[in-house]
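First the structure, in the form of structure tokens, and then the observations on it.
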Amino acid sequence: MLLGGLRYLLPVIKAAHEQGYYVITADYLPDNVAHKYSDEYCNVSIIDKEAVLEAARRLKIDGIMSFACDPGVVAASYVQNEMGLPSFGPFESVEILQNKDKFRRFLAANGFNVPWAFGFASKDEAWASRDKFGYPLIVKPTDSAGSKGCTRVDDESHLMSAIEYAFKYTFGGHIIIEEFIEKKGCSSDTDSYAFEGKLQFVSFCAQRFDAKATNPYTPAAYSWPSTFTEAEEEYLKNEIQRLVTLLNMQTSVFNIETRIGQNNKPYIMELTPRGGGNRLCEMLHYATGVDMITAITRAIVGDTPEVITQQPYNGHWAEIILHADEDGEFVGLEMDPSLPAEIVERDLWVEPGDSVHGFEAANNAIGTLVLRFENAEDLEKAITSQHDWLKVVIRK
């Protein structure tokens, strides 16, 4: 059973079918694209763990995960543990990882580098605590993904609007206000893989943002390798393994966000037992040959996966998250043919005449562009001047 129904599930469904598995996709939106490719659709709210458990028992499933779909991770873990299925790890640990407030407290209690953070259950409570905060800070829901509801705040005059915005996107009615860690270089948001509690493949990327986007904190591009030093990557790899061990996590693809602060401290910002959105596992398969999707698809139903090992990048890779700068009607995509890159894949999800929206969150993406460069210089120049060679044309 796969929780969710977005297109990021399509390679997982394909891998499952290649292994001979029967695939059930589940959420409350029957028109979602993944349901057209699965063998069966189950209409259930993926944030209702008891309802998902009842459906899983009725359907007699052999495994469950929520791949590239953050809201379903808690329910998937609950079902795994209640039914004795192959699991990411203890349900209590997954609850910690999936709640930004609990996660920050766990990091602090166990000696990890961590920003200051406060959790709140009401707008009034958050506003009444404003004297505790320093600026800049970031306000976000404790339980959302895809940058929904997130706002950087540089002074108190903008705090309440950010609080109200975060509460619009929380499922459980809680937000977190935390220190904004000014980063050195690029932050990283990419996927890694652990088998039976041991990291087998760890990746770091350079996460890029579009300052012109409706929400400038929604990732707009990724590139591999990262901008971290070897020493910084080694420190973070050891800290990620320590975290996985402390929480007794087992076998999973993990989506992990990290950054190096201007204070030169490396931080684990988020770690969640699911594949990331934006096709990160697919990008890593292109760049390294490592197939985490097939491995976790086999492991999650109890079959032994092929051994995953750390592999180098075969070139310099970039993924562009195609998006419109504002609401309108999609006209087309224009690219400068002199771009010094191999266009490995152009995956466009809209057609001329379709309505598109400004890039407020990851679900406003309209496609992806996969590029391979021969050297770091060409990649950096292209990815930092994206508006010069790439244009999403819309009609307002």
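Residue numbers start at 1 in each chain; chains themselves are named A, B, ... in the order of the structure tokens; ligands are numbered from 1 in the order shown.
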
Which residues come within 7 Å of Leu322 of chain A, counting only C-alpha atoms, excluding same-chain residues fewer than 2 positions away, as a list of chain:residue names? A:Ile320, A:Ala365, A:Ile366, A:Gly367, A:Thr368

Which residues are near Gln241 of chain A? Cut-off 9 Å, only C-alpha atoms, ignore same chain within fewer than 6 positions. Put them as an MDAnalysis selection string. chainID A and resid 194 197:199

Expected file: the selected residues, all heavy atoms, as a compact mmCIF listing (two decimals), in the first residue's frame:
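What ended up in selection-v4.txt:
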# COMPACT_ATOMS: atom_id res chain seq x y z
N ALA A 194 19.16 3.73 4.57
CA ALA A 194 19.67 2.88 5.65
C ALA A 194 19.03 1.51 5.56
O ALA A 194 17.83 1.39 5.23
CB ALA A 194 19.39 3.50 7.01
N GLY A 197 19.21 -0.24 10.12
CA GLY A 197 19.81 0.73 11.03
C GLY A 197 21.17 1.26 10.63
O GLY A 197 21.72 2.12 11.32
N LYS A 198 21.72 0.80 9.52
CA LYS A 198 23.05 1.23 9.09
C LYS A 198 22.95 2.00 7.78
O LYS A 198 22.39 1.49 6.80
CB LYS A 198 23.99 0.03 8.91
CG LYS A 198 24.17 -0.81 10.17
CD LYS A 198 24.85 -0.02 11.29
CE LYS A 198 25.08 -0.90 12.52
NZ LYS A 198 25.64 -0.11 13.65
N LEU A 199 23.50 3.20 7.74
CA LEU A 199 23.51 3.97 6.51
C LEU A 199 24.34 3.25 5.46
O LEU A 199 25.49 2.88 5.70
CB LEU A 199 24.09 5.36 6.75
CG LEU A 199 23.24 6.31 7.61
CD1 LEU A 199 24.03 7.57 7.93
CD2 LEU A 199 21.94 6.67 6.90

List the spatial neighbours of segment 28-32 of chain A as a PyMOL selection string - criterion: any atom at most 12 Å away, only C-alpha atoms, same-chain residues fewer than 4 positions off excluded. chain A and resi 3-10+36-38+40-48+51-52+72

Any chance you can output those residues with N, CA, C and O atoms as a compact mmCIF listing (two decimals), in the first residue's frame?
# COMPACT_ATOMS: atom_id res chain seq x y z
N LEU A 3 0.69 5.35 0.35
CA LEU A 3 -0.15 6.44 0.77
C LEU A 3 0.15 7.68 -0.08
O LEU A 3 1.31 8.04 -0.26
N GLY A 4 -0.90 8.32 -0.58
CA GLY A 4 -0.74 9.47 -1.45
C GLY A 4 -1.09 9.10 -2.88
O GLY A 4 -1.34 7.93 -3.20
N GLY A 5 -1.10 10.12 -3.74
CA GLY A 5 -1.47 9.84 -5.11
C GLY A 5 -0.82 10.74 -6.14
O GLY A 5 -1.22 10.76 -7.30
N LEU A 6 0.23 11.48 -5.72
CA LEU A 6 0.87 12.41 -6.65
C LEU A 6 1.81 11.66 -7.60
O LEU A 6 2.16 10.50 -7.40
N ARG A 7 2.27 12.38 -8.63
CA ARG A 7 3.07 11.74 -9.68
C ARG A 7 4.41 11.23 -9.18
O ARG A 7 5.04 10.38 -9.83
N TYR A 8 4.88 11.72 -8.01
CA TYR A 8 6.15 11.23 -7.49
C TYR A 8 6.09 9.74 -7.11
O TYR A 8 7.12 9.11 -6.89
N LEU A 9 4.87 9.19 -7.03
CA LEU A 9 4.73 7.76 -6.76
C LEU A 9 4.91 6.89 -8.00
O LEU A 9 5.09 5.68 -7.88
N LEU A 10 4.87 7.48 -9.18
CA LEU A 10 4.89 6.67 -10.41
C LEU A 10 6.12 5.78 -10.51
O LEU A 10 5.99 4.59 -10.86
N LYS A 36 -4.18 6.10 -11.38
CA LYS A 36 -4.38 5.57 -12.73
C LYS A 36 -3.38 4.46 -13.04
O LYS A 36 -3.57 3.68 -13.99
N TYR A 37 -2.30 4.37 -12.26
CA TYR A 37 -1.23 3.41 -12.54
C TYR A 37 -1.17 2.27 -11.53
O TYR A 37 -0.50 1.27 -11.77
N SER A 38 -1.87 2.40 -10.41
CA SER A 38 -1.87 1.33 -9.41
C SER A 38 -2.89 0.26 -9.79
O SER A 38 -3.70 0.44 -10.71
N GLU A 40 -5.13 -0.94 -7.59
CA GLU A 40 -6.36 -0.72 -6.82
C GLU A 40 -6.24 0.61 -6.09
O GLU A 40 -5.15 1.01 -5.68
N TYR A 41 -7.38 1.28 -5.95
CA TYR A 41 -7.43 2.54 -5.21
C TYR A 41 -8.27 2.38 -3.96
O TYR A 41 -9.35 1.77 -4.00
N CYS A 42 -7.78 2.93 -2.85
CA CYS A 42 -8.50 2.91 -1.59
C CYS A 42 -8.74 4.35 -1.13
O CYS A 42 -7.78 5.11 -0.96
N ASN A 43 -10.00 4.72 -0.95
CA ASN A 43 -10.33 6.08 -0.54
C ASN A 43 -10.30 6.16 0.98
O ASN A 43 -11.17 5.62 1.67
N VAL A 44 -9.27 6.83 1.50
CA VAL A 44 -9.10 6.97 2.94
C VAL A 44 -8.24 8.20 3.20
O VAL A 44 -7.36 8.54 2.39
N SER A 45 -8.48 8.88 4.30
CA SER A 45 -7.62 10.01 4.67
C SER A 45 -6.31 9.49 5.22
O SER A 45 -6.29 8.75 6.21
N ILE A 46 -5.20 9.88 4.60
CA ILE A 46 -3.91 9.33 5.01
C ILE A 46 -3.38 9.96 6.29
O ILE A 46 -2.35 9.52 6.82
N ILE A 47 -4.07 10.97 6.82
CA ILE A 47 -3.67 11.52 8.12
C ILE A 47 -4.50 10.90 9.26
O ILE A 47 -4.27 11.22 10.42
N ASP A 48 -5.42 10.03 8.92
CA ASP A 48 -6.22 9.31 9.92
C ASP A 48 -5.63 7.92 10.08
O ASP A 48 -5.98 6.99 9.33
N ALA A 51 -8.04 4.93 10.48
CA ALA A 51 -8.76 4.59 9.25
C ALA A 51 -7.84 3.86 8.27
O ALA A 51 -8.25 2.91 7.60
N VAL A 52 -6.58 4.30 8.19
CA VAL A 52 -5.62 3.62 7.33
C VAL A 52 -5.36 2.21 7.83
O VAL A 52 -5.28 1.25 7.05
N GLY A 72 1.48 11.30 5.10
CA GLY A 72 1.13 9.90 5.35
C GLY A 72 2.15 9.11 6.14
O GLY A 72 1.92 7.94 6.46

Pull the strand (DSSP E or B) assignments for segment 46-140 of chain A out of DSSP run on the backbone, and list those residues as an NGL selection string. :A and (65 or 117-120 or 137-140)

Please write the residues from the selection above to a file, keeping C-alpha atoms, as an mmCIF file, in the first residue's frame.
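Produced file selection35.cif, reproduced below:
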data_model
loop_
_atom_site.group_PDB
_atom_site.id
_atom_site.type_symbol
_atom_site.label_atom_id
_atom_site.label_comp_id
_atom_site.auth_asym_id
_atom_site.auth_seq_id
_atom_site.Cartn_x
_atom_site.Cartn_y
_atom_site.Cartn_z
ATOM 1 C CA MET A 65 4.940 3.333 2.974
ATOM 2 C CA ALA A 117 12.823 26.752 18.751
ATOM 3 C CA PHE A 118 9.423 27.138 20.414
ATOM 4 C CA GLY A 119 6.206 25.287 19.629
ATOM 5 C CA PHE A 120 2.723 26.796 19.882
ATOM 6 C CA LEU A 137 13.448 33.676 12.561
ATOM 7 C CA ILE A 138 11.276 31.282 10.599
ATOM 8 C CA VAL A 139 7.660 30.382 11.295
ATOM 9 C CA LYS A 140 6.266 27.091 9.996
#

List every residue of segment 212-303 of chain A that has an atom at most 9 Å from any atom of segment 372-394 of chain A, giving for each one its closest atom pair and the distance in Å to one decimal, counting only C-alpha atoms, sorted by chain and then by ascending residue number, as a tab-separated table.
residue	atom	partner	partner_atom	distance
A:Ala221	CA	A:Ile383	CA	7.8
A:Tyr222	CA	A:Ile383	CA	8.9
A:Ser223	CA	A:Leu379	CA	8.2
A:Pro225	CA	A:Ala376	CA	8.7
A:Ala287	CA	A:Arg372	CA	8.6

Using only C-alpha atoms, which of A:Arg298, A:Arg242, A:His35, A:Lys100 sits nearest Gly20 of chain A?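 Answer, going by the shortest atom-to-atom distance: A:Arg298.
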
Which polymer residues have any atom within 8 Å of an atom of Phe204 of chain A, counting only C-alpha atoms, with same-chain residues fewer than 2 positions away left out, as a PyMOL selection string? chain A and resi 188-191+202+206+224-226+233

For the selection you just gave me, I'd like the residues written to a file as an mmCIF file, in the first residue's frame, keeping all heavy atoms.
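Result file is again-v1.cif:
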data_model
loop_
_atom_site.group_PDB
_atom_site.id
_atom_site.type_symbol
_atom_site.label_atom_id
_atom_site.label_comp_id
_atom_site.auth_asym_id
_atom_site.auth_seq_id
_atom_site.Cartn_x
_atom_site.Cartn_y
_atom_site.Cartn_z
ATOM 1 N N SER A 188 21.326 21.677 1.934
ATOM 2 C CA SER A 188 21.168 20.395 1.244
ATOM 3 C C SER A 188 19.818 19.789 1.593
ATOM 4 O O SER A 188 19.398 19.823 2.751
ATOM 5 C CB SER A 188 22.291 19.424 1.646
ATOM 6 O OG SER A 188 22.054 18.120 1.123
ATOM 7 N N ASP A 189 19.144 19.235 0.597
ATOM 8 C CA ASP A 189 17.894 18.504 0.799
ATOM 9 C C ASP A 189 17.894 17.374 -0.213
ATOM 10 O O ASP A 189 17.609 17.576 -1.393
ATOM 11 C CB ASP A 189 16.684 19.421 0.599
ATOM 12 C CG ASP A 189 15.362 18.665 0.642
ATOM 13 O OD1 ASP A 189 15.360 17.495 1.070
ATOM 14 O OD2 ASP A 189 14.331 19.241 0.253
ATOM 15 N N THR A 190 18.245 16.181 0.247
ATOM 16 C CA THR A 190 18.365 15.075 -0.683
ATOM 17 C C THR A 190 18.142 13.763 0.062
ATOM 18 O O THR A 190 17.888 13.770 1.272
ATOM 19 C CB THR A 190 19.739 15.128 -1.392
ATOM 20 O OG1 THR A 190 19.830 14.079 -2.350
ATOM 21 C CG2 THR A 190 20.885 15.018 -0.417
ATOM 22 N N ASP A 191 18.184 12.652 -0.649
ATOM 23 C CA ASP A 191 17.797 11.370 -0.063
ATOM 24 C C ASP A 191 19.002 10.492 0.256
ATOM 25 O O ASP A 191 20.040 10.549 -0.421
ATOM 26 C CB ASP A 191 16.870 10.621 -1.018
ATOM 27 C CG ASP A 191 15.486 11.238 -1.088
ATOM 28 O OD1 ASP A 191 15.189 12.112 -0.265
ATOM 29 O OD2 ASP A 191 14.709 10.839 -1.978
ATOM 30 N N VAL A 202 24.676 7.797 1.458
ATOM 31 C CA VAL A 202 24.383 9.132 1.976
ATOM 32 C C VAL A 202 24.708 10.135 0.884
ATOM 33 O O VAL A 202 25.783 10.077 0.270
ATOM 34 C CB VAL A 202 25.212 9.452 3.236
ATOM 35 C CG1 VAL A 202 24.853 10.836 3.776
ATOM 36 C CG2 VAL A 202 24.982 8.393 4.311
ATOM 37 N N ALA A 206 23.215 20.644 -3.365
ATOM 38 C CA ALA A 206 23.102 22.096 -3.219
ATOM 39 C C ALA A 206 21.662 22.458 -3.560
ATOM 40 O O ALA A 206 21.231 22.338 -4.703
ATOM 41 C CB ALA A 206 24.080 22.818 -4.137
ATOM 42 N N TRP A 224 24.086 18.420 -7.700
ATOM 43 C CA TRP A 224 24.999 17.472 -7.057
ATOM 44 C C TRP A 224 26.333 17.540 -7.780
ATOM 45 O O TRP A 224 26.352 17.584 -9.012
ATOM 46 C CB TRP A 224 24.452 16.046 -7.169
ATOM 47 C CG TRP A 224 23.207 15.784 -6.384
ATOM 48 C CD1 TRP A 224 23.101 15.206 -5.147
ATOM 49 C CD2 TRP A 224 21.851 16.045 -6.795
ATOM 50 N NE1 TRP A 224 21.777 15.110 -4.770
ATOM 51 C CE2 TRP A 224 20.994 15.623 -5.764
ATOM 52 C CE3 TRP A 224 21.285 16.627 -7.942
ATOM 53 C CZ2 TRP A 224 19.608 15.739 -5.845
ATOM 54 C CZ3 TRP A 224 19.910 16.754 -8.019
ATOM 55 C CH2 TRP A 224 19.081 16.311 -6.972
ATOM 56 N N PRO A 225 27.479 17.564 -7.064
ATOM 57 C CA PRO A 225 27.705 17.470 -5.614
ATOM 58 C C PRO A 225 27.248 18.736 -4.862
ATOM 59 O O PRO A 225 26.822 19.723 -5.468
ATOM 60 C CB PRO A 225 29.220 17.301 -5.497
ATOM 61 C CG PRO A 225 29.695 16.893 -6.853
ATOM 62 C CD PRO A 225 28.735 17.544 -7.806
ATOM 63 N N SER A 226 27.403 18.697 -3.530
ATOM 64 C CA SER A 226 27.013 19.803 -2.663
ATOM 65 C C SER A 226 28.098 20.869 -2.637
ATOM 66 O O SER A 226 29.160 20.721 -3.256
ATOM 67 C CB SER A 226 26.780 19.291 -1.242
ATOM 68 O OG SER A 226 28.016 19.007 -0.606
ATOM 69 N N GLU A 233 30.782 17.149 5.260
ATOM 70 C CA GLU A 233 29.958 16.007 4.891
ATOM 71 C C GLU A 233 30.220 14.818 5.809
ATOM 72 O O GLU A 233 29.294 14.115 6.210
ATOM 73 C CB GLU A 233 30.199 15.620 3.428
ATOM 74 C CG GLU A 233 29.619 16.609 2.433
ATOM 75 C CD GLU A 233 29.576 16.066 1.018
ATOM 76 O OE1 GLU A 233 30.090 14.939 0.793
ATOM 77 O OE2 GLU A 233 29.029 16.751 0.126
#

Members of segment 208-237 of chain A assigned alpha helix (DSSP H) by DSSP, as a compact mmCIF listing (two decimals) with N, CA and C atoms, in the first residue's frame:
# COMPACT_ATOMS: atom_id res chain seq x y z
N GLU A 230 34.52 18.21 2.35
CA GLU A 230 34.55 16.79 2.71
C GLU A 230 34.42 16.61 4.22
N ALA A 231 35.07 17.48 4.98
CA ALA A 231 35.01 17.38 6.44
C ALA A 231 33.60 17.64 6.95
N GLU A 232 32.91 18.61 6.36
CA GLU A 232 31.54 18.90 6.77
C GLU A 232 30.61 17.74 6.44
N GLU A 233 30.78 17.15 5.26
CA GLU A 233 29.96 16.01 4.89
C GLU A 233 30.22 14.82 5.81
N GLU A 234 31.47 14.59 6.16
CA GLU A 234 31.80 13.47 7.05
C GLU A 234 31.20 13.68 8.43
N TYR A 235 31.26 14.91 8.95
CA TYR A 235 30.66 15.22 10.25
C TYR A 235 29.16 14.95 10.21
N LEU A 236 28.49 15.44 9.17
CA LEU A 236 27.05 15.26 9.06
C LEU A 236 26.68 13.79 8.88
N LYS A 237 27.46 13.06 8.10
CA LYS A 237 27.19 11.64 7.93
C LYS A 237 27.24 10.92 9.28

Pick from A:Leu2, A:Ile61, A:Val244, A:Cys69, whichever lies nearest to Leu85 of chain A using only C-alpha atoms: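 Selected residue with least distance to Leu85 of chain A: A:Ile61.
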
Write out as a count of residues only the residues lying within 10 Å of Thr251 of chain A, counting only C-alpha atoms and excluding same-chain residues fewer than 4 positions away. 16

When you count only C-alpha atoms, which of these residues is closest to Asn99 of chain A: A:Ala211, A:Ile308, A:Met160, A:Ile176?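 Of all the options, A:Ile176 lies closest to Asn99 of chain A.
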
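Each of A:Asn263, A:Leu339, A:Lys396, A:Asp210 was compared to Ile321 of chain A using only C-alpha atoms, and A:Asp210 turns out to be the nearest.
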
Shell around segment 325-332 of chain A at 10 Å using only C-alpha atoms, local window under 5 positions removed, as a PDB file with N, CA and C atoms, in the first residue's frame:
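The result, stored in result.pdb:
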ATOM      1  N   ASP A 210      14.514  30.355  -5.760  1.00  0.00           N
ATOM      2  CA  ASP A 210      14.232  31.406  -6.733  1.00  0.00           C
ATOM      3  C   ASP A 210      13.725  32.628  -5.973  1.00  0.00           C
ATOM      4  N   LYS A 212      12.642  35.280  -6.997  1.00  0.00           N
ATOM      5  CA  LYS A 212      11.491  35.916  -7.632  1.00  0.00           C
ATOM      6  C   LYS A 212      10.196  35.135  -7.441  1.00  0.00           C
ATOM      7  N   ALA A 213      10.285  33.965  -6.825  1.00  0.00           N
ATOM      8  CA  ALA A 213       9.103  33.120  -6.665  1.00  0.00           C
ATOM      9  C   ALA A 213       8.134  33.710  -5.650  1.00  0.00           C
ATOM     10  N   THR A 214       6.875  33.289  -5.743  1.00  0.00           N
ATOM     11  CA  THR A 214       5.869  33.729  -4.789  1.00  0.00           C
ATOM     12  C   THR A 214       6.306  33.424  -3.366  1.00  0.00           C
ATOM     13  N   ASN A 215       6.853  32.224  -3.163  1.00  0.00           N
ATOM     14  CA  ASN A 215       7.466  31.854  -1.886  1.00  0.00           C
ATOM     15  C   ASN A 215       8.940  31.560  -2.141  1.00  0.00           C
ATOM     16  N   LEU A 348       7.446  17.672 -18.589  1.00  0.00           N
ATOM     17  CA  LEU A 348       6.506  18.786 -18.445  1.00  0.00           C
ATOM     18  C   LEU A 348       5.125  18.224 -18.113  1.00  0.00           C
ATOM     19  N   VAL A 350       2.216  20.059 -17.738  1.00  0.00           N
ATOM     20  CA  VAL A 350       1.090  20.879 -18.194  1.00  0.00           C
ATOM     21  C   VAL A 350       1.163  21.028 -19.710  1.00  0.00           C
ATOM     22  N   GLU A 351       0.037  21.451 -20.290  1.00  0.00           N
ATOM     23  CA  GLU A 351      -0.047  21.677 -21.727  1.00  0.00           C
ATOM     24  C   GLU A 351      -0.479  23.118 -21.982  1.00  0.00           C
ATOM     25  N   PRO A 352      -0.184  23.646 -23.177  1.00  0.00           N
ATOM     26  CA  PRO A 352      -0.633  25.010 -23.491  1.00  0.00           C
ATOM     27  C   PRO A 352      -2.132  25.169 -23.243  1.00  0.00           C
ATOM     28  N   GLY A 353      -2.472  26.254 -22.557  1.00  0.00           N
ATOM     29  CA  GLY A 353      -3.860  26.511 -22.207  1.00  0.00           C
ATOM     30  C   GLY A 353      -4.221  26.141 -20.784  1.00  0.00           C
ATOM     31  N   ASP A 354      -3.373  25.314 -20.127  1.00  0.00           N
ATOM     32  CA  ASP A 354      -3.641  24.934 -18.742  1.00  0.00           C
ATOM     33  C   ASP A 354      -3.395  26.118 -17.806  1.00  0.00           C
ATOM     34  N   SER A 355      -4.172  26.187 -16.733  1.00  0.00           N
ATOM     35  CA  SER A 355      -3.945  27.208 -15.709  1.00  0.00           C
ATOM     36  C   SER A 355      -2.777  26.794 -14.830  1.00  0.00           C
ATOM     37  N   VAL A 356      -1.899  27.758 -14.524  1.00  0.00           N
ATOM     38  CA  VAL A 356      -0.774  27.506 -13.625  1.00  0.00           C
ATOM     39  C   VAL A 356      -0.769  28.600 -12.556  1.00  0.00           C
ATOM     40  N   HIS A 357      -0.073  28.323 -11.479  1.00  0.00           N
ATOM     41  CA  HIS A 357      -0.064  29.249 -10.355  1.00  0.00           C
ATOM     42  C   HIS A 357       1.353  29.648  -9.993  1.00  0.00           C
ATOM     43  N   GLY A 358       1.488  30.789  -9.352  1.00  0.00           N
ATOM     44  CA  GLY A 358       2.780  31.218  -8.849  1.00  0.00           C
ATOM     45  C   GLY A 358       3.356  30.188  -7.889  1.00  0.00           C
ATOM     46  N   PHE A 359       4.669  30.184  -7.745  1.00  0.00           N
ATOM     47  CA  PHE A 359       5.382  29.120  -7.031  1.00  0.00           C
ATOM     48  C   PHE A 359       5.364  29.390  -5.526  1.00  0.00           C
ATOM     49  N   GLU A 360       4.240  29.021  -4.900  1.00  0.00           N
ATOM     50  CA  GLU A 360       4.094  29.224  -3.457  1.00  0.00           C
ATOM     51  C   GLU A 360       4.548  28.005  -2.674  1.00  0.00           C
ATOM     52  N   ILE A 366       5.402  22.673 -12.288  1.00  0.00           N
ATOM     53  CA  ILE A 366       4.751  22.237 -13.531  1.00  0.00           C
ATOM     54  C   ILE A 366       5.613  21.241 -14.308  1.00  0.00           C
ATOM     55  N   LYS A 391      12.741  30.160 -19.708  1.00  0.00           N
ATOM     56  CA  LYS A 391      11.577  31.009 -19.450  1.00  0.00           C
ATOM     57  C   LYS A 391      10.297  30.172 -19.556  1.00  0.00           C
ATOM     58  N   VAL A 392       9.498  30.245 -18.499  1.00  0.00           N
ATOM     59  CA  VAL A 392       8.154  29.664 -18.532  1.00  0.00           C
ATOM     60  C   VAL A 392       7.217  30.788 -18.984  1.00  0.00           C
ATOM     61  N   VAL A 393       6.667  30.640 -20.173  1.00  0.00           N
ATOM     62  CA  VAL A 393       5.849  31.693 -20.764  1.00  0.00           C
ATOM     63  C   VAL A 393       4.395  31.464 -20.360  1.00  0.00           C
ATOM     64  N   ILE A 394       3.801  32.490 -19.777  1.00  0.00           N
ATOM     65  CA  ILE A 394       2.389  32.412 -19.404  1.00  0.00           C
ATOM     66  C   ILE A 394       1.638  33.618 -19.967  1.00  0.00           C
ATOM     67  N   ARG A 395       0.340  33.453 -20.080  1.00  0.00           N
ATOM     68  CA  ARG A 395      -0.531  34.556 -20.504  1.00  0.00           C
ATOM     69  C   ARG A 395      -1.435  34.894 -19.326  1.00  0.00           C
ATOM     70  N   LYS A 396      -1.388  36.131 -18.900  1.00  0.00           N
ATOM     71  CA  LYS A 396      -2.195  36.547 -17.728  1.00  0.00           C
ATOM     72  C   LYS A 396      -3.628  36.874 -18.136  1.00  0.00           C
TER      73      LYS A 396
END

As a check of understanding: the span from atom CA of Ile240 of chain A to atom CA of Glu179 of chain A is 20.9 Å

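Among the candidates A:Thr151, A:Thr170, A:Asn278, A:Thr288, the one nearest to Ala121 of chain A when counting only C-alpha atoms is A:Thr170.
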
Min atom-atom distance to Phe254 of chain A from the set A:Val23, A:Leu97, A:Ala162, A:Ala318, counting only C-alpha atoms, belongs to A:Leu97
